[in-house]
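S.K.: Just passing along the structure, written as structure tokens.
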Amino acid sequence: MMPIETQTTPEAISSLVDVLFVTNQPSIPQPIRAFLKRQNYTWAKVQIEQFCPFIADFKVVGTVILDTTEIEDRFRERILQTLKGLEQSNIATILLNDQIEFPYSEFKLATILQSATPAEFEGRIETNIAYNRSLSQRRSAEPKGSPSSELAEDTAEQLRMAGEVQRAFLPQELPSSDLLRWAVVYEPAEWVSGDLYDIRRLDEQHIGFYIADAVGHSMPAALLTMFLKQAIVMRETHGNQYRIHSPLEVIREANQRMAEQHLKGCLFATCCYGLLNIRTMQLSLARAGHPYPVLIRLGQTPRQIESRGGLLGVFEEADFEQKSIQLMPHDKVLMYSDGCESLLGQCDDARHFEFNDEFLEIASLPAGEMMYVFGEMAQRRQVPRCERDDITAIVLEVL
């Protein structure tokens, strides 16, 4: 089958293509055409405005390459919904640049290539097509409605539902006020997440907040987060009386509850818990094996707030430490899971953490804007799928 360079509607081309280009450019670059010809790949090109209405006319598509450069805002949501439909059919998308603020965490197969070499671009095309063909061959070898295919579909649906249940346990509103501003980034690496966070007003004077990270991925880690949700007790109520637990108490009690379970399969967790007195702006913190929170103070280099504390659930009598700091106007405190660590910086040869330039540039931004850009940084980061980790970050800003 000969590739067709230009066309106005999919009726003019075959419904079976290895590569579908979606672009308003007049032609496909010659190096890409040469590569496709060498590989004997069939391909076609459609205009951006034709992509959504006519995608159903293609019976088989190996991969979609979407050039977002000239996408108008009015097409954005419809294109995203179309890409989600393709993903459910195991058709991966390659985005050339990201002009539509692609919600990367909602997709498992999509890739954004903004500055890839020709070899990387060609490799991604080959990988996507090989993946799609492998699944197609497997499906064709199975009778329709066979137990294995039905089980796979049922499992995927259950994972999606489990992810929705997890999100329902997360805060639906943040306790921002005239004194404080909160912002959050939460991007699971899979349908379900090993990260958990909460920000809760405990009384008129206190706000408790934390991030917990179950070691591992997928369903075991996700189930452990549900246990952590119950094990992390910020406030204890008896009748009409209540007592707010200190961060040290919260971490110690969560550790003891986990250790008492004697969980199999090396199921451990990390946690960082903060208690803020909103009248005095005194912040107390304790952590268990979790990345150090970061204090961002106007005119100063960000610094880690260090304290002792090993993993939750390893030893019942583990040693933890509580630290307190006095917050000032314009201070920000960043708490994050280990999936974010490379976005902030890395340790030098002396094991001192050095913040990278990209993080230092956004550290002075207001909380909401800072987390928006931080989320974009996470989406742009190119890592192998097997190395992806959940991304969770909380920033507190004193106004």
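Labels used: A, B, ... for chains in the order of the structure tokens, numbers from 1 for residues in each chain, and numbers from 1 for ligands as shown.
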May I have the residues within 10 Å of Asn255 in chain A as a PyMOL selection string, using only C-alpha atoms and disregarding those fewer than 6 positions away in the same chain?
M.R.: chain A and resi 228+231-232+249+268-271+288+310-318+320
S.K.: Take the residues from that selection and put them in a file with N, CA and C atoms, as a PDB file, in the first residue's frame.
M.R.:
```
ATOM      1  N   LEU A 228      -3.490   3.286  55.801  1.00  0.00           N
ATOM      2  CA  LEU A 228      -2.839   4.484  56.333  1.00  0.00           C
ATOM      3  C   LEU A 228      -3.853   5.574  56.649  1.00  0.00           C
ATOM      4  N   ALA A 231      -4.937   4.772  59.956  1.00  0.00           N
ATOM      5  CA  ALA A 231      -3.863   4.727  60.958  1.00  0.00           C
ATOM      6  C   ALA A 231      -3.350   6.110  61.334  1.00  0.00           C
ATOM      7  N   ILE A 232      -3.498   7.075  60.450  1.00  0.00           N
ATOM      8  CA  ILE A 232      -3.013   8.434  60.721  1.00  0.00           C
ATOM      9  C   ILE A 232      -4.137   9.212  61.400  1.00  0.00           C
ATOM     10  N   GLU A 249       3.208  12.360  67.921  1.00  0.00           N
ATOM     11  CA  GLU A 249       2.223  11.348  68.311  1.00  0.00           C
ATOM     12  C   GLU A 249       1.593  10.696  67.084  1.00  0.00           C
ATOM     13  N   PHE A 268       5.757  -1.383  53.437  1.00  0.00           N
ATOM     14  CA  PHE A 268       6.088  -0.310  54.351  1.00  0.00           C
ATOM     15  C   PHE A 268       5.586   0.996  53.760  1.00  0.00           C
ATOM     16  N   ALA A 269       5.773   2.074  54.497  1.00  0.00           N
ATOM     17  CA  ALA A 269       5.310   3.367  54.011  1.00  0.00           C
ATOM     18  C   ALA A 269       6.171   4.477  54.587  1.00  0.00           C
ATOM     19  N   THR A 270       6.094   5.628  53.958  1.00  0.00           N
ATOM     20  CA  THR A 270       6.712   6.837  54.486  1.00  0.00           C
ATOM     21  C   THR A 270       5.609   7.850  54.734  1.00  0.00           C
ATOM     22  N   CYS A 271       5.908   8.836  55.575  1.00  0.00           N
ATOM     23  CA  CYS A 271       4.902   9.853  55.871  1.00  0.00           C
ATOM     24  C   CYS A 271       5.589  11.111  56.391  1.00  0.00           C
ATOM     25  N   ALA A 288       8.553  10.134  58.763  1.00  0.00           N
ATOM     26  CA  ALA A 288       8.962   8.733  58.864  1.00  0.00           C
ATOM     27  C   ALA A 288       9.445   8.283  57.496  1.00  0.00           C
ATOM     28  N   GLY A 310      12.640   6.784  60.551  1.00  0.00           N
ATOM     29  CA  GLY A 310      12.720   5.721  59.556  1.00  0.00           C
ATOM     30  C   GLY A 310      11.354   5.372  58.999  1.00  0.00           C
ATOM     31  N   LEU A 311      11.303   4.322  58.189  1.00  0.00           N
ATOM     32  CA  LEU A 311      10.065   3.894  57.545  1.00  0.00           C
ATOM     33  C   LEU A 311       8.995   3.504  58.559  1.00  0.00           C
ATOM     34  N   LEU A 312       7.742   3.718  58.178  1.00  0.00           N
ATOM     35  CA  LEU A 312       6.624   3.259  58.997  1.00  0.00           C
ATOM     36  C   LEU A 312       6.483   1.746  58.886  1.00  0.00           C
ATOM     37  N   GLY A 313       6.236   1.100  60.019  1.00  0.00           N
ATOM     38  CA  GLY A 313       5.902  -0.317  60.004  1.00  0.00           C
ATOM     39  C   GLY A 313       7.061  -1.270  60.106  1.00  0.00           C
ATOM     40  N   VAL A 314       8.286  -0.772  60.273  1.00  0.00           N
ATOM     41  CA  VAL A 314       9.446  -1.662  60.354  1.00  0.00           C
ATOM     42  C   VAL A 314       9.696  -2.085  61.797  1.00  0.00           C
ATOM     43  N   PHE A 315       9.816  -1.106  62.704  1.00  0.00           N
ATOM     44  CA  PHE A 315      10.061  -1.391  64.119  1.00  0.00           C
ATOM     45  C   PHE A 315       9.019  -0.664  64.964  1.00  0.00           C
ATOM     46  N   GLU A 316       8.451  -1.378  65.932  1.00  0.00           N
ATOM     47  CA  GLU A 316       7.433  -0.763  66.783  1.00  0.00           C
ATOM     48  C   GLU A 316       8.002   0.375  67.618  1.00  0.00           C
ATOM     49  N   GLU A 317       9.260   0.256  68.040  1.00  0.00           N
ATOM     50  CA  GLU A 317       9.876   1.271  68.896  1.00  0.00           C
ATOM     51  C   GLU A 317      10.819   2.161  68.099  1.00  0.00           C
ATOM     52  N   ALA A 318      10.478   2.493  66.906  1.00  0.00           N
ATOM     53  CA  ALA A 318      11.331   3.337  66.062  1.00  0.00           C
ATOM     54  C   ALA A 318      11.458   4.738  66.657  1.00  0.00           C
ATOM     55  N   PHE A 320      11.576   8.678  66.265  1.00  0.00           N
ATOM     56  CA  PHE A 320      11.142   9.784  65.418  1.00  0.00           C
ATOM     57  C   PHE A 320      11.401  11.104  66.138  1.00  0.00           C
TER      58      PHE A 320
END
```
S.K.: Could you tell me, as a ChimeraX atom specification, which residues of range 285-348 of chain A DSSP assigns to helix (DSSP H, G or I) when given the backbone?
M.R.: /A:338-344
S.K.: Would you mind exporting N, CA and C atoms of the selected residues as a CSV table (one decimal), in the first residue's frame?
M.R.:
```
chain,number,residue,atom,x,y,z
A,338,ASP,N,8.3,11.0,47.1
A,338,ASP,CA,9.7,10.8,46.5
A,338,ASP,C,9.6,10.8,45.0
A,339,GLY,N,8.4,10.6,44.4
A,339,GLY,CA,8.4,10.7,43.0
A,339,GLY,C,8.7,12.1,42.4
A,340,CYS,N,8.6,13.1,43.3
A,340,CYS,CA,8.9,14.5,42.9
A,340,CYS,C,10.4,14.8,43.1
A,341,GLU,N,11.1,14.0,43.8
A,341,GLU,CA,12.4,14.4,44.3
A,341,GLU,C,13.3,14.9,43.1
A,342,SER,N,13.4,14.2,42.0
A,342,SER,CA,14.2,14.6,40.9
A,342,SER,C,13.8,16.0,40.3
A,343,LEU,N,12.6,16.4,40.5
A,343,LEU,CA,12.1,17.7,40.0
A,343,LEU,C,12.7,18.8,40.8
A,344,LEU,N,13.1,18.6,42.1
A,344,LEU,CA,13.6,19.6,42.9
A,344,LEU,C,15.2,19.7,42.8
```
S.K.: Need to verify the contact set: range 65-80 of chain A, 12 Å, only C-alpha atoms, exclusion of same-chain residues closer than 4 positions in sequence. Can you return it as a count of residues only?
M.R.: 55
S.K.: Could you please write out, as a PyMOL selection string, every residue of range 169-389 of chain A that DSSP assigns to strand (DSSP E)?
M.R.: chain A and resi 180-187+195-201+206-214+235-238+241-244+269-277+282-288+294-296+303-304+322-326+332-336+345-347+353-355
S.K.: List the neighbours of Met328 in chain A out to 10 Å using only C-alpha atoms; skip same-chain residues closer than 4 positions along the sequence, and give me the result as number ranges by chain.
M.R.: A: 280-282, 297-298, 332, 397-399
S.K.: Rank A:Tyr186, A:Leu275, A:Ala168, A:His238 by their smallest atom-to-atom distance to Ile207 in chain A, using only C-alpha atoms, and report the top residue only.
M.R.: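 Of the candidates, the smallest distance to Ile207 in chain A is held by A:Leu275.
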S.K.: Give me the residues within 7 Å of range 371-380 of chain A as a list in words, counting only C-alpha atoms and dropping any in the same chain fewer than 3 places off.
M.R.: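 Here the answer would be Tyr104, Ala183, Val184, Val185, Ala367 and Gly368 of chain A.
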S.K.: Could you save the residues just selected, with C-alpha atoms, as a compact mmCIF listing (two decimals), in the first residue's frame?
M.R.:
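Listing of again.txt after writing:
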```txt
# COMPACT_ATOMS: atom_id res chain seq x y z
CA TYR A 104 -0.45 13.41 31.16
CA ALA A 183 -2.17 24.23 46.52
CA VAL A 184 -1.74 20.57 45.55
CA VAL A 185 -0.42 18.42 42.72
CA ALA A 367 1.38 28.74 45.74
CA GLY A 368 -1.20 28.05 43.04
```
S.K.: Determine the nearest neighbour of Asp213 in chain A from the options A:Arg381, A:Arg235, A:Lys229, A:Arg279, counting only C-alpha atoms.
M.R.: A:Lys229
S.K.: So how far away is CA of Ala212 in chain A from CA of Ser193 in chain A, in Å?
M.R.: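 Value for the CA of Ser193 in chain A-CA of Ala212 in chain A distance: 10.9 Å.
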S.K.: So how far away is CA of Leu334 in chain A from CA of Gln300 in chain A, in Å?
M.R.: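 Spanning CA of Gln300 in chain A to CA of Leu334 in chain A is a straight-line distance of 14.8 Å.
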S.K.: At a cut-off of 10 Å, using only C-alpha atoms, what residues contact Ala286 in chain A? Leave out same-chain residues fewer than 3 positions from it and give the result as a PyMOL selection string.
M.R.: chain A and resi 210+246-252+271-275+290+292-293+305-309+320-324
S.K.: Take CA of Leu295 in chain A and CA of Asp331 in chain A and report the distance between them in Å, one decimal.
M.R.: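 Separation of CA of Leu295 in chain A and CA of Asp331 in chain A: 7.3 Å.
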S.K.: Show which residues sit within 8 Å of Gln346 in chain A, as a PyMOL selection string. Count only C-alpha atoms, and ignore same-chain residues fewer than 5 positions away.
M.R.: chain A and resi 341+353-356
S.K.: Could you turn the residues from that selection into a file that holds N, CA and C atoms, as a compact mmCIF listing (two decimals), in the first residue's frame?
M.R.:
```txt
# COMPACT_ATOMS: atom_id res chain seq x y z
N GLU A 341 11.13 14.00 43.78
CA GLU A 341 12.45 14.44 44.26
C GLU A 341 13.35 14.94 43.13
N PHE A 353 21.84 18.05 49.60
CA PHE A 353 20.86 18.21 48.54
C PHE A 353 21.03 19.57 47.88
N GLU A 354 21.10 19.58 46.56
CA GLU A 354 21.22 20.81 45.79
C GLU A 354 19.98 20.99 44.92
N PHE A 355 19.30 22.11 45.11
CA PHE A 355 18.11 22.40 44.31
C PHE A 355 18.52 22.80 42.90
N ASN A 356 17.79 22.31 41.91
CA ASN A 356 18.14 22.64 40.53
C ASN A 356 17.58 24.02 40.15
```
S.K.: Using only C-alpha atoms, which of A:Leu179, A:Ala130, A:Val333, A:Leu83 sits nearest Tyr41 in chain A?
M.R.: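 For Tyr41 in chain A, the nearest of the candidates is A:Ala130.
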